[in-house]
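Reviewing the structure listed below.
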There are 4 protein chains.
Amino acid sequence: MSTTDKKVRIGVMGASGYTGADLVRLLATHPRAEVRLLTANAHAGKPLAEVYPHLGSLDLPAMIRVEEADWSELDVAFCGLPHGTTQEIIAALPTHLKVIDLSADFRLRDPQVYAQWYGHEHRAPALQPEAVYGLTEHYRDAIRGARLVACPGCYPTAALLLLRPLVAGGLIEAGDIIIDAKSGASGSGRSVKESMLFCEVAEAMHPYNIASHRHAPEIEQELSLAAGADLLVNFTAHLVPMNRGELITAYVRLDKGASAADLRGALSETYAGEPFVRVLPEGSVPGTRHVRGSNQCLLAVFADRVPGRAILVSTLDNLVKGSSGQAIQNMNLMLGLPETMGLEQQPLFP
Amino acid sequence: MSTTDKKVRIGVMGASGYTGADLVRLLATHPRAEVRLLTANAHAGKPLAEVYPHLGSLDLPAMIRVEEADWSELDVAFCGLPHGTTQEIIAALPTHLKVIDLSADFRLRDPQVYAQWYGHEHRAPALQPEAVYGLTEHYRDAIRGARLVACPGCYPTAALLLLRPLVAGGLIEAGDIIIDAKSGASGSGRSVKESMLFCEVAEAMHPYNIASHRHAPEIEQELSLAAGADLLVNFTAHLVPMNRGELITAYVRLDKGASAADLRGALSETYAGEPFVRVLPEGSVPGTRHVRGSNQCLLAVFADRVPGRAILVSTLDNLVKGSSGQAIQNMNLMLGLPETMGLEQQPLFP
Amino acid sequence: MSTTDKKVRIGVMGASGYTGADLVRLLATHPRAEVRLLTANAHAGKPLAEVYPHLGSLDLPAMIRVEEADWSELDVAFCGLPHGTTQEIIAALPTHLKVIDLSADFRLRDPQVYAQWYGHEHRAPALQPEAVYGLTEHYRDAIRGARLVACPGCYPTAALLLLRPLVAGGLIEAGDIIIDAKSGASGSGRSVKESMLFCEVAEAMHPYNIASHRHAPEIEQELSLAAGADLLVNFTAHLVPMNRGELITAYVRLDKGASAADLRGALSETYAGEPFVRVLPEGSVPGTRHVRGSNQCLLAVFADRVPGRAILVSTLDNLVKGSSGQAIQNMNLMLGLPETMGLEQQPLFP
Amino acid sequence: MSTTDKKVRIGVMGASGYTGADLVRLLATHPRAEVRLLTANAHAGKPLAEVYPHLGSLDLPAMIRVEEADWSELDVAFCGLPHGTTQEIIAALPTHLKVIDLSADFRLRDPQVYAQWYGHEHRAPALQPEAVYGLTEHYRDAIRGARLVACPGCYPTAALLLLRPLVAGGLIEAGDIIIDAKSGASGSGRSVKESMLFCEVAEAMHPYNIASHRHAPEIEQELSLAAGADLLVNFTAHLVPMNRGELITAYVRLDKGASAADLRGALSETYAGEPFVRVLPEGSVPGTRHVRGSNQCLLAVFADRVPGRAILVSTLDNLVKGSSGQAIQNMNLMLGLPETMGLEQQPLFP
């Protein structure tokens, strides 16, 4: 497919969520993408522009119920459904489709761990082994050959791009990692909850899901793989009064002999030539405003005043590199398209 | 130039302002644009990424002083300098350049009016007659042939796209137009003022420059031309705690016999086929979030409860359609490129 | 009661709304108030601190269902219930109670107008004539003697404090008043709606309920009384991304011979000595940040550039002077307490 | 003085900063306070209402230069000057005055440490030993007898109220404390910097002063005293797009045998009966919105999933309990007034 100019025919399940809308936004300027199907059960029959007027200039099919979807003429399915509903739906898709799941349903390699954190048995355990974890920069080859990619959560993407190379390289103590995470409100999706009303979020901040956030086991799974041993991390998320953006501050203990400069060097080497991950020079401080709306992720390393410790920072746009953008990056890989296609929009600042 | 794939070689004066940065952001994904020169006198010698880290992934020339610029190998000059400084600089540019000015220096056709509102004599009155007012949808032909385009202010763009067709068509009383305008903080630029500190703007709003805003004479100039008679408008601007976005609510008196539907119809007809201006159907309410980051402008018409009156709404992103985006749209026209080239990014929501 | 130091025993119906919470906040430092009863049907049985942790340091009774309330030992009932539910509940209250209603249920003097705007017949028409419209500065004497006070809506408070003296004094054309109103999100209450999610409101603004806002007939009722003739106003509300604060920009036509200075003078005279309404000197621009959290209202008058027109501005905190604060001010009057008691908190800025 | 109703005559140095303004706001409803003198060198000659219109309803003396102040008839001096300028000014004050310093100039007990962090020698080393560290709940007796109180920084107040009892009680490992701090923009004061413009802060967040924040040595000084041994902490501050509010998430290692419940118990015991510090019950999550505008501080303890670790949270309003409110609390103690006088305003939410 990559050698012709034929359009990639795409279906998006769960188009009425923020993630679905951002997929459509990005695909609209992807030169090879054509969105041919949109599902959103609660809004079936409506045009997408009715629930997302900002997409009103696009010519899109009306949303339908997921049960009504005809996948026979499509090439790719993006799945942005709430977790728990996704496993059976994906298991029932025709096998010619490339499937890119943005939910949590196939991220955890061990169905037992899934069951423990999500409160029900995995509903497609036979499919789980086939799912490739879609952390693009680290599983690029496997993604290229995959039929089903499970895109990481937004926090895991930010955390793993930062920490995986350091744990794998033995530069930090894998058993003493503290991750203080901050996110804008879009991470919570468009579901209607009192706690997400403007007046509850604006001019305020607070931690949430303390010691119980479902992104923790995902981070632990991947860092354990990198470390070659099971580990736990402290992961604490905070809600910040902004729409988009995520920033992780990680507090780590240097392995004997390693310095902050060594960590920076290792990250720079890992991501040399990467189009979407940049390691900042010493002293440069990343902020969410530097990546807003883009598929970029910024990493930085600072020596702590406490001997033997370092402070690490990672930032990305939770809806783009943390979700829809990384999903499209994976699609490009799966289809043999240039990896950056459709993802070259620069950050929107201010 | 338009028939080949040669890059358009571009210089941006005043690159360290928000407008300059947004120009660079948009030009970065313009398939034919190449930014070859950046000036910013206060930051000469620095890379743009030092003052705008969000553009740090781009390969750009370092900023230089405007006096040091060599324009001989360039095709286009964008000028985002503060008003007052621009006239002499543009007058001194080599004449092979296409010049697109984003300042206020050439917007007012009558140098006397300029002097009255800007507090000093026009410094390039000989050049003024050559300047084409860059309200793209209304001066498209003149822009195509222009060497110097004076892009409208952000408020005038929103107001004139809304009101010009209605005044020209005699559908509203040209002498009784009230424009209540609201803008995000980026309209004030990056200049450092106490009144623009976060704490002064956030969780608050207020009107400013009441009965003395410099965009009023610009709106009046163009509406007077459309009406064929001099008129004044009430124009009152308000600062809203958001980065981007501008919304105008206009209160008008219907001309005898006209209805709100007539107004909507006239606007729809005017903008049929326009890529960036959309007239919303009855009952649909525009918001700044529907256009954020994009070159789109949304218009809507509502019948008032007061007989004989209508309420009109216009919204755009002040930095894009209200400034840098419209400037690039004009560049495309001046160079014979497809008008939408580089401007097809969809709005960023949320 | 006013001559002793006995506490005023107070019940608050609808304590789980933002208005109810702000009543409790203010009453907590009112030297003569004691909150003895809180109702909130959806939260019956819970302490208020569970739904409003910011009030967690107060010693308050648990919330009960409104049907369970025993009013026999209480002096005052504040009613912050949704409109439509209030009329029957208030009609059933024991008559020894002073009743201060913050809903819309008794604001409209004509039950026909109520039915037309609220979609159902008035459910306590016999009680309506007794209700005093609680615009404190204009109905002070009637409020003193009232048993039932219907507190104005937030927008009507801001609009009427500004416009009523000018219409009554014949200084502006009563038939040509345009009110462009802007409000923070708390005006919408705590009810859970997609449109009020943080991501839908932040970094954005838009008008709403265009030509159909229920505060219009209330403004018209009072201005018609002041004018001695029925009139309509243009009233258009906008949602601004802030929690609290309301600002009205009114566009008026001066009556023959009147100047902006005359208007300012008339307002200054009207409000001379008022503790909570201040008329700003020429050139001083009010903003919502100047009144945040306080019971103050600021008014200002500006001459327009358009001859014969003026621009008027009014600002208040919608939850305080626009709701709970004015309600307490009325309570003080009804009980013979000093009018400013419990309301002297200064605005919170930044 | 405490036994009469005589007003306390107060001078505020540095009244044009946010801290100065919040002092005036709170003192305005303090029943025994009378602000008799305001200094602000850059605004000398102006009324305070000109720089802080939200205080425009107060009757206050015009601001003067600090050199012009006559302290002979005053009782108390609050000093909200930038650090570095304060030491000599306070040293020159008449000794009958109670002096409450809100700057950093007398917080560090060791002038060497001061010199190291602030870049110049201490200018009143003879006065330093007399200064009492104004962390009210922990130095109450010393404050009562003090002539000069050095109020803690906002972050140290939040951090020390949380951590000091735990370190003193040996419940956590004093050598392994990580403090991730988040603050609203008012913590940066009203000084005009590009980095604090609305557009740079809104819809964004980032860490700042990484491993070099001047509040670190202050926290270390007090925790070292509590531990009985020198220690370092990791302290990392982040800027959050809100005006007010500060939240600290601390990651600690439990001392052998201690549980999260033990920590909560120790805090509850320490602060039993305190009017302004509340320890939340298990599972209750503090947010900055719960304390906004008030003198309250909320503390909470959570068990981590990582064995042997706990997550601690502290939140306060940086301008109130973190600055002006605590300063007034100290004044009340120094004068023998009820400690809560003038500080009983409830938090402003939403």
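Chain labels run A, B, ... following the order of the structure tokens; each chain numbers its residues from 1, and ligands are numbered from 1 in the order shown.
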Distance filter 7 Å, only C-alpha atoms, chain D against chain B, as an mmCIF file with all heavy atoms, in the first residue's frame:
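Output file result31.cif is given in full below:
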```cif
data_model
loop_
_atom_site.group_PDB
_atom_site.id
_atom_site.type_symbol
_atom_site.label_atom_id
_atom_site.label_comp_id
_atom_site.auth_asym_id
_atom_site.auth_seq_id
_atom_site.Cartn_x
_atom_site.Cartn_y
_atom_site.Cartn_z
ATOM 1 N N ALA D 185 0.140 31.507 40.334
ATOM 2 C CA ALA D 185 1.044 32.538 39.835
ATOM 3 C C ALA D 185 1.266 33.685 40.812
ATOM 4 O O ALA D 185 2.259 34.399 40.706
ATOM 5 C CB ALA D 185 0.519 33.077 38.511
ATOM 6 N N SER D 186 0.386 33.872 41.773
ATOM 7 C CA SER D 186 0.577 35.006 42.674
ATOM 8 C C SER D 186 1.807 34.828 43.552
ATOM 9 O O SER D 186 2.318 35.798 44.109
ATOM 10 C CB SER D 186 -0.668 35.236 43.539
ATOM 11 O OG SER D 186 -0.922 34.108 44.353
ATOM 12 N N VAL D 192 6.904 42.591 37.082
ATOM 13 C CA VAL D 192 6.531 42.433 35.678
ATOM 14 C C VAL D 192 7.626 41.679 34.936
ATOM 15 O O VAL D 192 8.721 42.195 34.735
ATOM 16 C CB VAL D 192 6.268 43.821 35.068
ATOM 17 C CG1 VAL D 192 5.891 43.695 33.606
ATOM 18 C CG2 VAL D 192 5.155 44.519 35.842
ATOM 19 N N LYS D 193 7.320 40.447 34.573
ATOM 20 C CA LYS D 193 8.276 39.589 33.869
ATOM 21 C C LYS D 193 7.566 38.908 32.717
ATOM 22 O O LYS D 193 6.417 38.497 32.855
ATOM 23 C CB LYS D 193 8.778 38.491 34.824
ATOM 24 C CG LYS D 193 9.680 38.985 35.933
ATOM 25 C CD LYS D 193 10.090 37.857 36.860
ATOM 26 C CE LYS D 193 8.987 37.544 37.860
ATOM 27 N NZ LYS D 193 9.426 36.718 38.992
ATOM 28 N N GLU D 194 8.249 38.749 31.610
ATOM 29 C CA GLU D 194 7.647 38.068 30.459
ATOM 30 C C GLU D 194 7.114 36.694 30.847
ATOM 31 O O GLU D 194 6.033 36.282 30.419
ATOM 32 C CB GLU D 194 8.673 37.928 29.341
ATOM 33 C CG GLU D 194 8.100 37.304 28.081
ATOM 34 C CD GLU D 194 9.153 37.088 27.005
ATOM 35 O OE1 GLU D 194 9.468 38.045 26.282
ATOM 36 O OE2 GLU D 194 9.676 35.956 26.881
ATOM 37 N N MET D 196 5.721 35.683 33.342
ATOM 38 C CA MET D 196 4.495 35.673 34.124
ATOM 39 C C MET D 196 3.325 36.304 33.376
ATOM 40 O O MET D 196 2.258 36.510 33.961
ATOM 41 C CB MET D 196 4.711 36.378 35.462
ATOM 42 C CG MET D 196 5.766 35.714 36.338
ATOM 43 S SD MET D 196 5.510 33.920 36.607
ATOM 44 C CE MET D 196 3.997 33.973 37.577
ATOM 45 N N LEU D 197 3.488 36.606 32.109
ATOM 46 C CA LEU D 197 2.360 37.097 31.315
ATOM 47 C C LEU D 197 1.272 36.021 31.250
ATOM 48 O O LEU D 197 1.566 34.826 31.274
ATOM 49 C CB LEU D 197 2.813 37.437 29.894
ATOM 50 C CG LEU D 197 3.722 38.660 29.754
ATOM 51 C CD1 LEU D 197 4.159 38.808 28.300
ATOM 52 C CD2 LEU D 197 3.017 39.929 30.232
ATOM 53 N N PHE D 198 0.051 36.471 31.100
ATOM 54 C CA PHE D 198 -1.056 35.521 31.031
ATOM 55 C C PHE D 198 -0.794 34.421 30.015
ATOM 56 O O PHE D 198 -0.949 33.232 30.300
ATOM 57 C CB PHE D 198 -2.362 36.251 30.693
ATOM 58 C CG PHE D 198 -3.533 35.307 30.622
ATOM 59 C CD1 PHE D 198 -4.210 34.953 31.774
ATOM 60 C CD2 PHE D 198 -3.945 34.752 29.423
ATOM 61 C CE1 PHE D 198 -5.278 34.062 31.726
ATOM 62 C CE2 PHE D 198 -5.008 33.864 29.369
ATOM 63 C CZ PHE D 198 -5.681 33.526 30.527
ATOM 64 N N CYS D 199 -0.381 34.828 28.810
ATOM 65 C CA CYS D 199 -0.235 33.839 27.732
ATOM 66 C C CYS D 199 0.888 32.837 27.983
ATOM 67 O O CYS D 199 0.913 31.773 27.355
ATOM 68 C CB CYS D 199 0.014 34.538 26.401
ATOM 69 S SG CYS D 199 -1.444 35.352 25.749
ATOM 70 N N VAL D 201 1.523 31.576 30.995
ATOM 71 C CA VAL D 201 1.166 30.761 32.163
ATOM 72 C C VAL D 201 -0.127 29.977 31.929
ATOM 73 O O VAL D 201 -0.238 28.820 32.341
ATOM 74 C CB VAL D 201 1.018 31.670 33.417
ATOM 75 C CG1 VAL D 201 0.551 30.869 34.618
ATOM 76 C CG2 VAL D 201 2.335 32.379 33.722
ATOM 77 N N ASN D 243 -4.489 31.622 40.115
ATOM 78 C CA ASN D 243 -3.996 32.789 40.833
ATOM 79 C C ASN D 243 -3.415 32.413 42.189
ATOM 80 O O ASN D 243 -2.304 32.785 42.531
ATOM 81 C CB ASN D 243 -5.130 33.796 41.051
ATOM 82 C CG ASN D 243 -5.529 34.496 39.772
ATOM 83 O OD1 ASN D 243 -4.686 34.797 38.940
ATOM 84 N ND2 ASN D 243 -6.814 34.734 39.599
#
```
Inset, instruction - Name the residues in contact with segment 114-130 of chain D at a cut-off of 7 Å, using only C-alpha atoms, excluding same-chain residues fewer than 3 positions from it; report them as a list in words. - result: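 Answer for this query is Gln87, Glu88, Ala91, Phe106, Leu108, Arg109, Asp110, Pro111, Leu148 and Arg214 of chain D.
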Generate the output file for the selected residues, all heavy atoms, as a JSON list (two decimals), in the first residue's frame.
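Result went into result_10.json, see below:
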```
[["chain", "number", "residue", "atom", "x", "y", "z"],
["D", 87, "GLN", "N", 16.51, 44.05, 55.52],
["D", 87, "GLN", "CA", 17.32, 43.95, 56.74],
["D", 87, "GLN", "C", 17.69, 45.32, 57.31],
["D", 87, "GLN", "O", 17.50, 45.59, 58.50],
["D", 87, "GLN", "CB", 18.57, 43.11, 56.46],
["D", 87, "GLN", "CG", 18.22, 41.63, 56.28],
["D", 87, "GLN", "CD", 19.21, 40.88, 55.42],
["D", 87, "GLN", "OE1", 20.10, 41.46, 54.81],
["D", 87, "GLN", "NE2", 19.03, 39.56, 55.36],
["D", 88, "GLU", "N", 18.18, 46.20, 56.46],
["D", 88, "GLU", "CA", 18.59, 47.51, 56.97],
["D", 88, "GLU", "C", 17.39, 48.34, 57.40],
["D", 88, "GLU", "O", 17.45, 49.08, 58.38],
["D", 88, "GLU", "CB", 19.39, 48.25, 55.91],
["D", 88, "GLU", "CG", 20.81, 47.68, 55.78],
["D", 88, "GLU", "CD", 21.49, 48.07, 54.49],
["D", 88, "GLU", "OE1", 20.82, 48.03, 53.44],
["D", 88, "GLU", "OE2", 22.69, 48.39, 54.52],
["D", 91, "ALA", "N", 16.24, 47.08, 60.72],
["D", 91, "ALA", "CA", 17.22, 47.41, 61.77],
["D", 91, "ALA", "C", 17.09, 48.86, 62.21],
["D", 91, "ALA", "O", 17.42, 49.22, 63.35],
["D", 91, "ALA", "CB", 18.64, 47.14, 61.27],
["D", 106, "PHE", "N", 14.92, 37.43, 57.29],
["D", 106, "PHE", "CA", 15.29, 36.96, 58.63],
["D", 106, "PHE", "C", 14.87, 35.51, 58.88],
["D", 106, "PHE", "O", 14.83, 35.06, 60.02],
["D", 106, "PHE", "CB", 14.68, 37.88, 59.70],
["D", 106, "PHE", "CG", 15.27, 39.25, 59.72],
["D", 106, "PHE", "CD1", 14.66, 40.31, 59.05],
["D", 106, "PHE", "CD2", 16.48, 39.49, 60.37],
["D", 106, "PHE", "CE1", 15.23, 41.58, 59.05],
["D", 106, "PHE", "CE2", 17.06, 40.75, 60.38],
["D", 106, "PHE", "CZ", 16.42, 41.81, 59.71],
["D", 108, "LEU", "N", 16.37, 32.69, 57.71],
["D", 108, "LEU", "CA", 17.48, 31.73, 57.83],
["D", 108, "LEU", "C", 18.30, 32.09, 59.05],
["D", 108, "LEU", "O", 18.86, 33.18, 59.15],
["D", 108, "LEU", "CB", 18.32, 31.74, 56.55],
["D", 108, "LEU", "CG", 17.54, 31.25, 55.31],
["D", 108, "LEU", "CD1", 18.36, 31.43, 54.04],
["D", 108, "LEU", "CD2", 17.12, 29.80, 55.47],
["D", 109, "ARG", "N", 18.37, 31.18, 59.98],
["D", 109, "ARG", "CA", 19.01, 31.47, 61.26],
["D", 109, "ARG", "C", 20.51, 31.71, 61.11],
["D", 109, "ARG", "O", 21.10, 32.47, 61.87],
["D", 109, "ARG", "CB", 18.79, 30.29, 62.21],
["D", 109, "ARG", "CG", 17.30, 30.10, 62.53],
["D", 109, "ARG", "CD", 17.01, 28.72, 63.09],
["D", 109, "ARG", "NE", 15.57, 28.43, 63.10],
["D", 109, "ARG", "CZ", 14.79, 28.57, 64.18],
["D", 109, "ARG", "NH1", 15.29, 28.93, 65.32],
["D", 109, "ARG", "NH2", 13.50, 28.30, 64.09],
["D", 110, "ASP", "N", 21.12, 31.09, 60.13],
["D", 110, "ASP", "CA", 22.56, 31.19, 59.94],
["D", 110, "ASP", "C", 22.86, 32.19, 58.83],
["D", 110, "ASP", "O", 22.58, 31.93, 57.65],
["D", 110, "ASP", "CB", 23.09, 29.80, 59.56],
["D", 110, "ASP", "CG", 24.59, 29.80, 59.36],
["D", 110, "ASP", "OD1", 25.20, 30.89, 59.28],
["D", 110, "ASP", "OD2", 25.16, 28.70, 59.28],
["D", 111, "PRO", "N", 23.47, 33.33, 59.16],
["D", 111, "PRO", "CA", 23.74, 34.34, 58.14],
["D", 111, "PRO", "C", 24.62, 33.82, 57.00],
["D", 111, "PRO", "O", 24.55, 34.34, 55.88],
["D", 111, "PRO", "CB", 24.46, 35.45, 58.92],
["D", 111, "PRO", "CG", 23.98, 35.29, 60.33],
["D", 111, "PRO", "CD", 23.79, 33.81, 60.53],
["D", 148, "LEU", "N", 10.38, 40.83, 66.81],
["D", 148, "LEU", "CA", 10.57, 40.66, 65.37],
["D", 148, "LEU", "C", 10.26, 39.21, 64.98],
["D", 148, "LEU", "O", 10.92, 38.28, 65.45],
["D", 148, "LEU", "CB", 12.03, 40.99, 65.00],
["D", 148, "LEU", "CG", 12.50, 40.59, 63.59],
["D", 148, "LEU", "CD1", 11.66, 41.24, 62.50],
["D", 148, "LEU", "CD2", 13.97, 40.96, 63.39],
["D", 214, "ARG", "N", 14.94, 28.91, 46.61],
["D", 214, "ARG", "CA", 15.39, 29.45, 47.90],
["D", 214, "ARG", "C", 14.56, 29.00, 49.09],
["D", 214, "ARG", "O", 14.91, 29.31, 50.24],
["D", 214, "ARG", "CB", 15.40, 30.97, 47.82],
["D", 214, "ARG", "CG", 16.59, 31.49, 47.02],
["D", 214, "ARG", "CD", 16.39, 32.94, 46.64],
["D", 214, "ARG", "NE", 17.64, 33.53, 46.15],
["D", 214, "ARG", "CZ", 17.70, 34.73, 45.58],
["D", 214, "ARG", "NH1", 16.61, 35.46, 45.45],
["D", 214, "ARG", "NH2", 18.86, 35.22, 45.17]]
```
Could you name the residues that touch Leu247 of chain B at 10 Å or less, counting only C-alpha atoms, but leaving out those on the same chain fewer than 2 positions away, as a JSON list (two decimals) with N, CA and C atoms, in the first residue's frame?
```json
[["chain", "number", "residue", "atom", "x", "y", "z"],
["B", 155, "TYR", "N", -9.65, 42.44, 15.17],
["B", 155, "TYR", "CA", -11.05, 42.84, 15.34],
["B", 155, "TYR", "C", -11.68, 43.26, 14.01],
["B", 158, "ALA", "N", -12.71, 40.21, 11.99],
["B", 158, "ALA", "CA", -13.94, 39.58, 12.48],
["B", 158, "ALA", "C", -15.16, 40.44, 12.19],
["B", 159, "ALA", "N", -15.02, 41.74, 12.39],
["B", 159, "ALA", "CA", -16.16, 42.64, 12.22],
["B", 159, "ALA", "C", -16.54, 42.81, 10.75],
["B", 180, "ASP", "N", -19.76, 44.75, 20.17],
["B", 180, "ASP", "CA", -19.17, 44.40, 21.46],
["B", 180, "ASP", "C", -18.19, 43.26, 21.19],
["B", 181, "ALA", "N", -16.91, 43.55, 21.38],
["B", 181, "ALA", "CA", -15.85, 42.62, 21.00],
["B", 181, "ALA", "C", -15.16, 42.05, 22.24],
["B", 182, "LYS", "N", -14.81, 40.78, 22.15],
["B", 182, "LYS", "CA", -14.12, 40.09, 23.24],
["B", 182, "LYS", "C", -12.91, 39.39, 22.67],
["B", 183, "SER", "N", -11.79, 39.50, 23.37],
["B", 183, "SER", "CA", -10.57, 38.88, 22.85],
["B", 183, "SER", "C", -9.78, 38.22, 23.96],
["B", 184, "GLY", "N", -9.05, 37.19, 23.58],
["B", 184, "GLY", "CA", -8.06, 36.60, 24.47],
["B", 184, "GLY", "C", -6.84, 37.49, 24.61],
["B", 237, "ALA", "N", -14.07, 46.91, 23.14],
["B", 237, "ALA", "CA", -13.32, 45.66, 23.27],
["B", 237, "ALA", "C", -13.23, 45.25, 24.74],
["B", 238, "HIS", "N", -13.22, 43.94, 24.97],
["B", 238, "HIS", "CA", -13.11, 43.38, 26.31],
["B", 238, "HIS", "C", -12.01, 42.33, 26.33],
["B", 245, "GLY", "N", -8.41, 33.68, 20.61],
["B", 245, "GLY", "CA", -9.82, 33.68, 20.29],
["B", 245, "GLY", "C", -10.40, 35.06, 20.41],
["B", 249, "THR", "N", -19.93, 40.35, 19.05],
["B", 249, "THR", "CA", -21.38, 40.35, 19.03],
["B", 249, "THR", "C", -21.81, 41.72, 18.53],
["B", 250, "ALA", "N", -22.50, 41.72, 17.42],
["B", 250, "ALA", "CA", -22.90, 43.00, 16.83],
["B", 250, "ALA", "C", -24.42, 43.15, 16.93],
["B", 286, "PRO", "N", -21.89, 30.14, 17.46],
["B", 286, "PRO", "CA", -20.42, 30.04, 17.34],
["B", 286, "PRO", "C", -19.73, 30.31, 18.67],
["B", 287, "GLY", "N", -18.60, 29.68, 18.88],
["B", 287, "GLY", "CA", -17.76, 29.96, 20.03],
["B", 287, "GLY", "C", -16.31, 29.98, 19.60],
["B", 288, "THR", "N", -15.50, 30.65, 20.38],
["B", 288, "THR", "CA", -14.09, 30.73, 19.98],
["B", 288, "THR", "C", -13.45, 29.34, 19.95],
["B", 297, "CYS", "N", -13.22, 31.36, 10.16],
["B", 297, "CYS", "CA", -14.08, 32.38, 10.76],
["B", 297, "CYS", "C", -15.52, 31.89, 10.66],
["B", 298, "LEU", "N", -16.24, 31.94, 11.78],
["B", 298, "LEU", "CA", -17.64, 31.52, 11.79],
["B", 298, "LEU", "C", -18.54, 32.73, 11.98],
["B", 299, "LEU", "N", -19.63, 32.76, 11.22],
["B", 299, "LEU", "CA", -20.59, 33.86, 11.30],
["B", 299, "LEU", "C", -21.97, 33.30, 11.62],
["B", 313, "VAL", "N", -23.06, 37.41, 15.19],
["B", 313, "VAL", "CA", -21.87, 36.90, 15.89],
["B", 313, "VAL", "C", -20.81, 36.50, 14.87],
["B", 314, "SER", "N", -19.58, 36.83, 15.21],
["B", 314, "SER", "CA", -18.44, 36.45, 14.38],
["B", 314, "SER", "C", -17.33, 35.99, 15.31],
["B", 315, "THR", "N", -16.66, 34.92, 14.93],
["B", 315, "THR", "CA", -15.55, 34.47, 15.78],
["B", 315, "THR", "C", -14.41, 33.94, 14.93],
["B", 316, "LEU", "N", -13.19, 34.18, 15.40],
["B", 316, "LEU", "CA", -11.99, 33.70, 14.73],
["B", 316, "LEU", "C", -10.87, 33.62, 15.76],
["B", 317, "ASP", "N", -9.76, 33.01, 15.36],
["B", 317, "ASP", "CA", -8.56, 33.01, 16.18],
["B", 317, "ASP", "C", -7.78, 34.26, 15.83],
["B", 318, "ASN", "N", -7.60, 35.15, 16.81],
["B", 318, "ASN", "CA", -6.98, 36.44, 16.52],
["B", 318, "ASN", "C", -5.58, 36.32, 15.95],
["C", 204, "ALA", "N", -11.87, 29.63, 26.08],
["C", 204, "ALA", "CA", -12.94, 29.77, 25.08],
["C", 204, "ALA", "C", -14.00, 30.74, 25.60],
["C", 205, "MET", "N", -14.85, 31.20, 24.70],
["C", 205, "MET", "CA", -16.04, 31.94, 25.13],
["C", 205, "MET", "C", -17.10, 31.90, 24.03],
["C", 206, "HIS", "N", -18.35, 32.11, 24.42],
["C", 206, "HIS", "CA", -19.43, 32.12, 23.44],
["C", 206, "HIS", "C", -20.68, 32.73, 24.06],
["C", 207, "PRO", "N", -21.57, 33.23, 23.20],
["C", 207, "PRO", "CA", -22.87, 33.68, 23.72],
["C", 207, "PRO", "C", -23.78, 32.47, 23.95]]
```
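We find atom CA of Arg107 of chain C and atom CA of Leu319 of chain C to be spaced 17.2 Å apart.
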message = Give me, as a ChimeraX atom specification, the residues of segment 69-297 of chain B that a backbone DSSP run labels strand (DSSP E or B).
response = /B:76-79,98-101,132-133,148-150,172,178-183,197,206-208,234-239,246-254,277-279,297
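Excluding Lys46 of chain B and any residue on its chain fewer than 4 positions from it, the residues at most 12 Å away by only C-alpha atoms are Ala15, Ser16, Leu38, Thr39, Ala40, Asn41, Ala42, Glu50, Val51, Tyr52, Pro53, Leu60, Pro61, Ala62, Met63, Ile64 and Arg65 of chain B.
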query: If we count only C-alpha atoms, what is near Val279 of chain D at a cut-off of 12 Å, once residues fewer than 4 positions away on the same chain are taken out, given as number ranges by chain?
result: C: 56-57; D: 161-162, 261, 263-275, 283-286, 296-302, 312-315
Rounded to one decimal place, report the atom CA of Gly20 of chain B-atom CA of Glu282 of chain A distance in Å.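 Going from atom CA of Gly20 of chain B over to atom CA of Glu282 of chain A, I get 27.1 Å.
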I'd like to know which residues of segment 100-254 of chain C are helix (DSSP H, G or I) (by DSSP, run on the backbone); could you write them as a PyMOL selection string? chain C and resi 111-118+128-130+140-144+154-168+185-188+194-196+198-201+215-227
Please provide the set of residues having any atom within 10 Å of Gln346 of chain A, restricted to only C-alpha atoms, with same-chain residues fewer than 5 positions apart removed, written as a list in words. His290, Val291, Arg292, Gly293, Ser294, Asn295 and Gln296 of chain A; Asp22, Val24, Arg25, Leu26, Leu27, Ala28, Thr29, His54, Leu55, Gly56, Ser57 and Leu58 of chain B
